There are 2 protein chains.
Amino acid sequence: MQEKKAISNQKRTEKTRKLLIKAGKKLFVEKGFAATSTPEIVKTAGVTRGALYHHFSDKQDLFRAVVEQDCEAVGIEINRESEDADSFIDMLKTGSSAFVKAITSQGRARTILIEGPSVLGQKELMAIEDRFTRLSLRQGLEAALKHGAIKPLALQPLVELVSSMLDGAALKVEAGFDFEEIEPIVHAFIDGLAE
Amino acid sequence: MQEKKAISNQKRTEKTRKLLIKAGKKLFVEKGFAATSTPEIVKTAGVTRGALYHHFSDKQDLFRAVVEQDCEAVGIEINRESEDADSFIDMLKTGSSAFVKAITSQGRARTILIEGPSVLGQKELMAIEDRFTRLSLRQGLEAALKHGAIKPLALQPLVELVSSMLDGAALKVEAGFDFEEIEPIVHAFIDGLAE
DNA sequence: TTTTTATACATACACATTGTATGTTTAACT
DNA sequence: AGTTAAACATACAATGTGTATGTATAAAAA
């Protein structure tokens, strides 16, 4: 009759990391990275600082996990929303709108776009976004280029520029502008890529 | 024969503030806001922490002064570079290129674009940029709208979107992309605004 | 010109926070 | 069953921030 061993190390780790990431996410969104203390994080998560520093090398490392999770969610939502369109340009437009909607949900703009560059650095953030959120954009642009639907521009800078243009649009939505007045301008920008 | 009273309070204040802003600017660019300590700032400036907290309410306040100075410099450089062009669209393009060049000089992208939003908040940074760097852009877009040179879009969101698109472009230059591969894409975006 | 006041600092301090070092419990392995 | 190692928990040392208090000099008042 063995009633102990209620939980395995793996499950325990998974659970603790989840609690910490959830608490970190909540506080980073509410007050920003700098204004959020680790005592506050662990209190919110219901664990101790020992657990935090066992699972993450430092506060920045926890923040990185939060951002990665947010980026992953954005990527997933984009894929869910993506639908085939008549033209390559239309596909880029719907994808762009889906991106802006996804990244302005759940406070993701705060973590990814506002705090991200300063906490993780521009380079590392770009790498993370690359892994999670720019896959479909790159594919869309690559296809459009191949079929001559857009001007012959270098793919990589194109991906970066469209991506950062959309980041900017999302920031404006985050700042209070209505999506309805932002979207047509984004679409106009994309029209400019058309050949 | 009065040889004392070497310096007036006004001049003294001016000098000290200048030293602090210069030191802060240098360190914020090199290491970012969070990683820069006030002891380090005052050591670099050759003053004491007392002077810093006399002239600025806190570290953020000094940072604000740095960003305002950088934004002012960007505004000045844009005006200096601005030249009349054949069309409204061309004027917007040359202005945009001037902006990207100006904001990617002297480490300004780091203070204004990377650290700015997280340290000062998106809203306040927008207000500062509005006061210093968006004047000519707003005028250019307003004129273009009035003459029907661009699609009939709301002016304010348009200013914001073009501005943030240019911020994004500048960040890519800051991240290592050549200006020469960024510029044509920016110009393409602007073409998209044309009616 | 003398006295008073206010400015421009300089110094000391109290508090918070970060990362680490060390101790303890429990799962996993031999 | 005994040993190892993971997953914490606790204590601590160092650093940094903003404030409170002290001091010297410029500026204003008398």
# chains A, B, ... in the order shown; residues from 1 in each chain; ligands from 1
>>> interface_residues(of="chain D", to="chain A", cutoff="10 Å", atoms="only C-alpha atoms (C1' of nucleotides)", output="PyMOL selection string")
chain D and resi 6-10
>>> interface_residues(of="chain C", to="chain A", cutoff="10 Å", atoms="only C-alpha atoms (C1' of nucleotides)", output="PyMOL selection string")
chain C and resi 16-20+26-28
>>> write_last_selection(atoms="C-alpha atoms (C1' of nucleotides)", output="PDB file, in the first residue's frame")
ATOM      1  C1'  DA C  16      14.657  47.039  -1.487  1.00  0.00           C
ATOM      2  C1'  DT C  17      16.330  43.697  -4.660  1.00  0.00           C
ATOM      3  C1'  DT C  18      19.370  40.489  -6.919  1.00  0.00           C
ATOM      4  C1'  DG C  19      22.003  36.391  -7.352  1.00  0.00           C
ATOM      5  C1'  DT C  20      24.481  32.908  -4.684  1.00  0.00           C
ATOM      6  C1'  DT C  26      12.114  13.468  -1.777  1.00  0.00           C
ATOM      7  C1'  DA C  27      12.316  11.153  -6.191  1.00  0.00           C
ATOM      8  C1'  DA C  28      15.306   8.243  -9.079  1.00  0.00           C
TER       9       DA C  28
END
>>> interface_residues(of="chain A", to="chain B", cutoff="6 Å", atoms="only C-alpha atoms", output="list in words")
Ile114, Glu115, Pro117, Ser118, Ser164, Met165, Gly168, Ala188, Phe189, Asp191, Gly192 and Leu193 of chain A
>>> residues_around(residues="DG22 in chain D", least_positions_apart="2", cutoff="12 Å", atoms="only C-alpha atoms (C1' of nucleotides)", output="list in words")
Gly50 of chain B; DC9, DA10, DT11 and DA12 of chain C; DA20 and DA24 of chain D
>>> residues_around(residues="Glu77 in chain A", least_positions_apart="6", cutoff="12 Å", atoms="only C-alpha atoms (C1' of nucleotides)", output="list in words")
Asp70, Cys71, Glu83, Gly95, Ser96, Ser97, Ala98, Phe99, Val100, Lys101, Ala102, Ile103, Thr104, Ser105, Phe132, Thr133 and Ser136 of chain A
>>> atom_distance(atom1="CA of Val42 in chain A", atom2="CA of Phe28 in chain A")
12.9 Å
>>> select_by_dssp(residues="chain B", states="helix (DSSP H, G or I)", output="PyMOL selection string")
chain B and resi 9-31+38-45+49-55+59-81+88-103+108-120+122-132+135-146+155-174+179-191
>>> write_last_selection(atoms="C-alpha atoms", output="compact mmCIF listing (two decimals), in the first residue's frame")
# COMPACT_ATOMS: atom_id res chain seq x y z
CA ASN B 9 24.24 79.61 -10.54
CA GLN B 10 22.66 79.56 -13.95
CA LYS B 11 25.89 78.67 -15.72
CA ARG B 12 26.78 76.17 -13.06
CA THR B 13 23.44 74.40 -13.42
CA GLU B 14 23.72 74.42 -17.16
CA LYS B 15 27.18 72.89 -17.02
CA THR B 16 26.29 70.20 -14.51
CA ARG B 17 23.15 69.15 -16.35
CA LYS B 18 25.12 68.98 -19.55
CA LEU B 19 27.77 66.77 -17.98
CA LEU B 20 25.13 64.45 -16.53
CA ILE B 21 23.17 64.17 -19.76
CA LYS B 22 26.34 63.48 -21.69
CA ALA B 23 27.45 60.78 -19.29
CA GLY B 24 23.99 59.25 -19.13
CA LYS B 25 23.69 59.23 -22.88
CA LYS B 26 27.05 57.49 -23.28
CA LEU B 27 26.30 54.80 -20.73
CA PHE B 28 22.67 54.25 -21.72
CA VAL B 29 23.82 53.68 -25.28
CA GLU B 30 26.62 51.36 -24.25
CA LYS B 31 24.86 49.27 -21.65
CA THR B 38 23.77 56.15 -10.93
CA PRO B 39 27.17 55.87 -9.22
CA GLU B 40 28.61 55.03 -12.62
CA ILE B 41 26.86 57.94 -14.26
CA VAL B 42 28.08 60.52 -11.78
CA LYS B 43 31.59 59.07 -11.85
CA THR B 44 31.64 59.44 -15.63
CA ALA B 45 30.24 62.93 -15.38
CA ARG B 49 24.97 61.65 -6.81
CA GLY B 50 23.79 64.68 -4.92
CA ALA B 51 24.09 66.74 -8.07
CA LEU B 52 22.21 64.14 -10.09
CA TYR B 53 19.28 64.00 -7.70
CA HIS B 54 19.28 67.76 -7.37
CA HIS B 55 18.80 68.30 -11.07
CA LYS B 59 17.25 58.04 -13.05
CA GLN B 60 14.28 57.90 -15.37
CA ASP B 61 14.11 61.67 -15.40
CA LEU B 62 17.71 61.87 -16.58
CA PHE B 63 16.93 59.30 -19.23
CA ARG B 64 14.02 61.41 -20.37
CA ALA B 65 16.34 64.37 -20.81
CA VAL B 66 18.69 62.22 -22.89
CA VAL B 67 15.87 61.03 -25.13
CA GLU B 68 14.51 64.52 -25.56
CA GLN B 69 17.92 65.75 -26.59
CA ASP B 70 18.29 62.89 -29.06
CA CYS B 71 14.86 63.52 -30.51
CA GLU B 72 15.61 67.19 -30.84
CA ALA B 73 18.80 66.35 -32.71
CA VAL B 74 16.88 64.07 -35.04
CA GLY B 75 14.37 66.81 -35.74
CA ILE B 76 17.12 69.28 -36.50
CA GLU B 77 18.92 66.91 -38.83
CA ILE B 78 15.73 66.15 -40.71
CA ASN B 79 15.06 69.82 -41.28
CA ARG B 80 18.61 70.37 -42.44
CA GLU B 81 18.41 67.49 -44.92
CA PHE B 88 4.72 64.82 -52.58
CA ILE B 89 5.64 61.17 -52.65
CA ASP B 90 9.25 61.95 -53.41
CA MET B 91 9.29 64.46 -50.61
CA LEU B 92 8.02 61.82 -48.21
CA LYS B 93 10.67 59.42 -49.44
CA THR B 94 13.57 61.79 -48.98
CA GLY B 95 12.24 62.83 -45.60
CA SER B 96 11.94 59.21 -44.59
CA SER B 97 15.48 58.44 -45.60
CA ALA B 98 16.70 61.47 -43.70
CA PHE B 99 14.84 60.31 -40.63
CA VAL B 100 16.27 56.81 -40.73
CA LYS B 101 19.77 58.16 -41.19
CA ALA B 102 19.39 60.64 -38.36
CA ILE B 103 17.94 58.23 -35.84
CA ARG B 108 20.04 57.31 -30.90
CA ALA B 109 18.17 54.19 -31.95
CA ARG B 110 19.20 52.56 -28.71
CA THR B 111 17.91 55.30 -26.47
CA ILE B 112 14.85 56.35 -28.43
CA LEU B 113 13.64 53.13 -30.00
CA ILE B 114 14.91 50.28 -27.86
CA GLU B 115 15.05 51.61 -24.31
CA GLY B 116 12.57 54.45 -24.73
CA PRO B 117 9.31 52.52 -24.87
CA SER B 118 10.12 50.37 -21.87
CA VAL B 119 11.64 53.09 -19.69
CA LEU B 120 9.29 55.97 -20.45
CA GLN B 122 4.89 54.01 -25.20
CA LYS B 123 2.56 56.94 -24.61
CA GLU B 124 5.11 59.36 -23.26
CA LEU B 125 7.64 58.46 -25.91
CA MET B 126 5.04 59.13 -28.58
CA ALA B 127 4.44 62.55 -27.06
CA ILE B 128 8.16 63.35 -27.12
CA GLU B 129 8.59 62.19 -30.69
CA ASP B 130 5.57 64.27 -31.56
CA ARG B 131 7.15 67.42 -30.17
CA PHE B 132 10.48 66.96 -31.89
CA LEU B 135 6.57 67.91 -37.32
CA SER B 136 7.81 67.74 -40.89
CA LEU B 137 6.32 64.30 -41.44
CA ARG B 138 2.92 65.55 -40.35
CA GLN B 139 3.20 68.58 -42.61
CA GLY B 140 4.29 66.47 -45.54
CA LEU B 141 1.43 64.03 -45.13
CA GLU B 142 -1.08 66.80 -44.57
CA ALA B 143 -0.04 68.53 -47.77
CA ALA B 144 -0.06 65.28 -49.70
CA LEU B 145 -3.54 64.50 -48.43
CA LYS B 146 -4.84 67.94 -49.29
CA LEU B 155 -4.08 62.01 -40.83
CA GLN B 156 -3.23 61.14 -37.27
CA PRO B 157 -3.08 57.35 -37.66
CA LEU B 158 -1.22 57.91 -40.88
CA VAL B 159 1.44 59.96 -39.14
CA GLU B 160 1.73 57.32 -36.45
CA LEU B 161 1.94 54.42 -38.85
CA VAL B 162 4.48 55.95 -41.18
CA SER B 163 6.49 57.04 -38.19
CA SER B 164 6.50 53.60 -36.60
CA MET B 165 7.25 51.99 -39.94
CA LEU B 166 10.31 54.20 -40.13
CA ASP B 167 11.20 53.33 -36.55
CA GLY B 168 11.11 49.70 -37.56
CA ALA B 169 13.32 50.37 -40.54
CA ALA B 170 15.78 52.19 -38.31
CA LEU B 171 15.86 49.28 -35.91
CA LYS B 172 16.82 46.96 -38.72
CA VAL B 173 19.63 49.26 -39.75
CA GLU B 174 20.66 49.32 -36.10
CA PHE B 179 20.71 51.07 -45.32
CA GLU B 180 20.88 50.37 -49.03
CA GLU B 181 18.74 47.26 -48.74
CA ILE B 182 16.30 48.87 -46.32
CA GLU B 183 15.64 52.09 -48.19
CA PRO B 184 13.99 50.61 -51.31
CA ILE B 185 11.54 48.71 -49.14
CA VAL B 186 10.66 51.81 -47.19
CA HIS B 187 10.12 53.63 -50.44
CA ALA B 188 7.91 50.81 -51.66
CA PHE B 189 5.76 51.13 -48.55
CA ILE B 190 5.40 54.82 -49.21
CA ASP B 191 4.45 54.13 -52.80
>>> closest_residue(among="D:DT25, D:DT3, D:DG16, D:DA30", to="DT7 in chain C", atoms="only C-alpha atoms (C1' of nucleotides)")
D:DT25
>>> atom_distance(atom1="CA of Thr36 in chain B", atom2="C1' of DT17 in chain D")
12.1 Å
>>> decode(residues="chain C", atoms="C-alpha atoms (C1' of nucleotides)", output="PDB file, in the first residue's frame")
ATOM      1  C1'  DT C   1      27.228  96.491   3.268  1.00  0.00           C
ATOM      2  C1'  DT C   2      25.339  93.273   6.091  1.00  0.00           C
ATOM      3  C1'  DT C   3      21.933  89.842   6.830  1.00  0.00           C
ATOM      4  C1'  DT C   4      18.916  86.443   5.110  1.00  0.00           C
ATOM      5  C1'  DT C   5      17.477  83.207   1.927  1.00  0.00           C
ATOM      6  C1'  DA C   6      17.779  80.006  -1.572  1.00  0.00           C
ATOM      7  C1'  DT C   7      20.410  77.305  -4.731  1.00  0.00           C
ATOM      8  C1'  DA C   8      23.645  73.727  -5.713  1.00  0.00           C
ATOM      9  C1'  DC C   9      25.498  70.540  -4.301  1.00  0.00           C
ATOM     10  C1'  DA C  10      27.958  66.616  -0.830  1.00  0.00           C
ATOM     11  C1'  DT C  11      27.426  62.918   2.500  1.00  0.00           C
ATOM     12  C1'  DA C  12      25.098  59.498   5.120  1.00  0.00           C
ATOM     13  C1'  DC C  13      21.449  56.352   5.461  1.00  0.00           C
ATOM     14  C1'  DA C  14      17.463  53.238   5.172  1.00  0.00           C
ATOM     15  C1'  DC C  15      15.353  50.174   2.276  1.00  0.00           C
ATOM     16  C1'  DA C  16      14.657  47.039  -1.487  1.00  0.00           C
ATOM     17  C1'  DT C  17      16.330  43.697  -4.660  1.00  0.00           C
ATOM     18  C1'  DT C  18      19.370  40.489  -6.919  1.00  0.00           C
ATOM     19  C1'  DG C  19      22.003  36.391  -7.352  1.00  0.00           C
ATOM     20  C1'  DT C  20      24.481  32.908  -4.684  1.00  0.00           C
ATOM     21  C1'  DA C  21      25.735  29.738  -1.149  1.00  0.00           C
ATOM     22  C1'  DT C  22      24.173  26.365   1.732  1.00  0.00           C
ATOM     23  C1'  DG C  23      20.839  23.231   3.883  1.00  0.00           C
ATOM     24  C1'  DT C  24      16.915  19.864   3.434  1.00  0.00           C
ATOM     25  C1'  DT C  25      13.505  16.785   1.487  1.00  0.00           C
ATOM     26  C1'  DT C  26      12.114  13.468  -1.777  1.00  0.00           C
ATOM     27  C1'  DA C  27      12.316  11.153  -6.191  1.00  0.00           C
ATOM     28  C1'  DA C  28      15.306   8.243  -9.079  1.00  0.00           C
ATOM     29  C1'  DC C  29      18.834   5.074  -9.739  1.00  0.00           C
ATOM     30  C1'  DT C  30      22.075   1.081  -8.532  1.00  0.00           C
TER      31       DT C  30
END
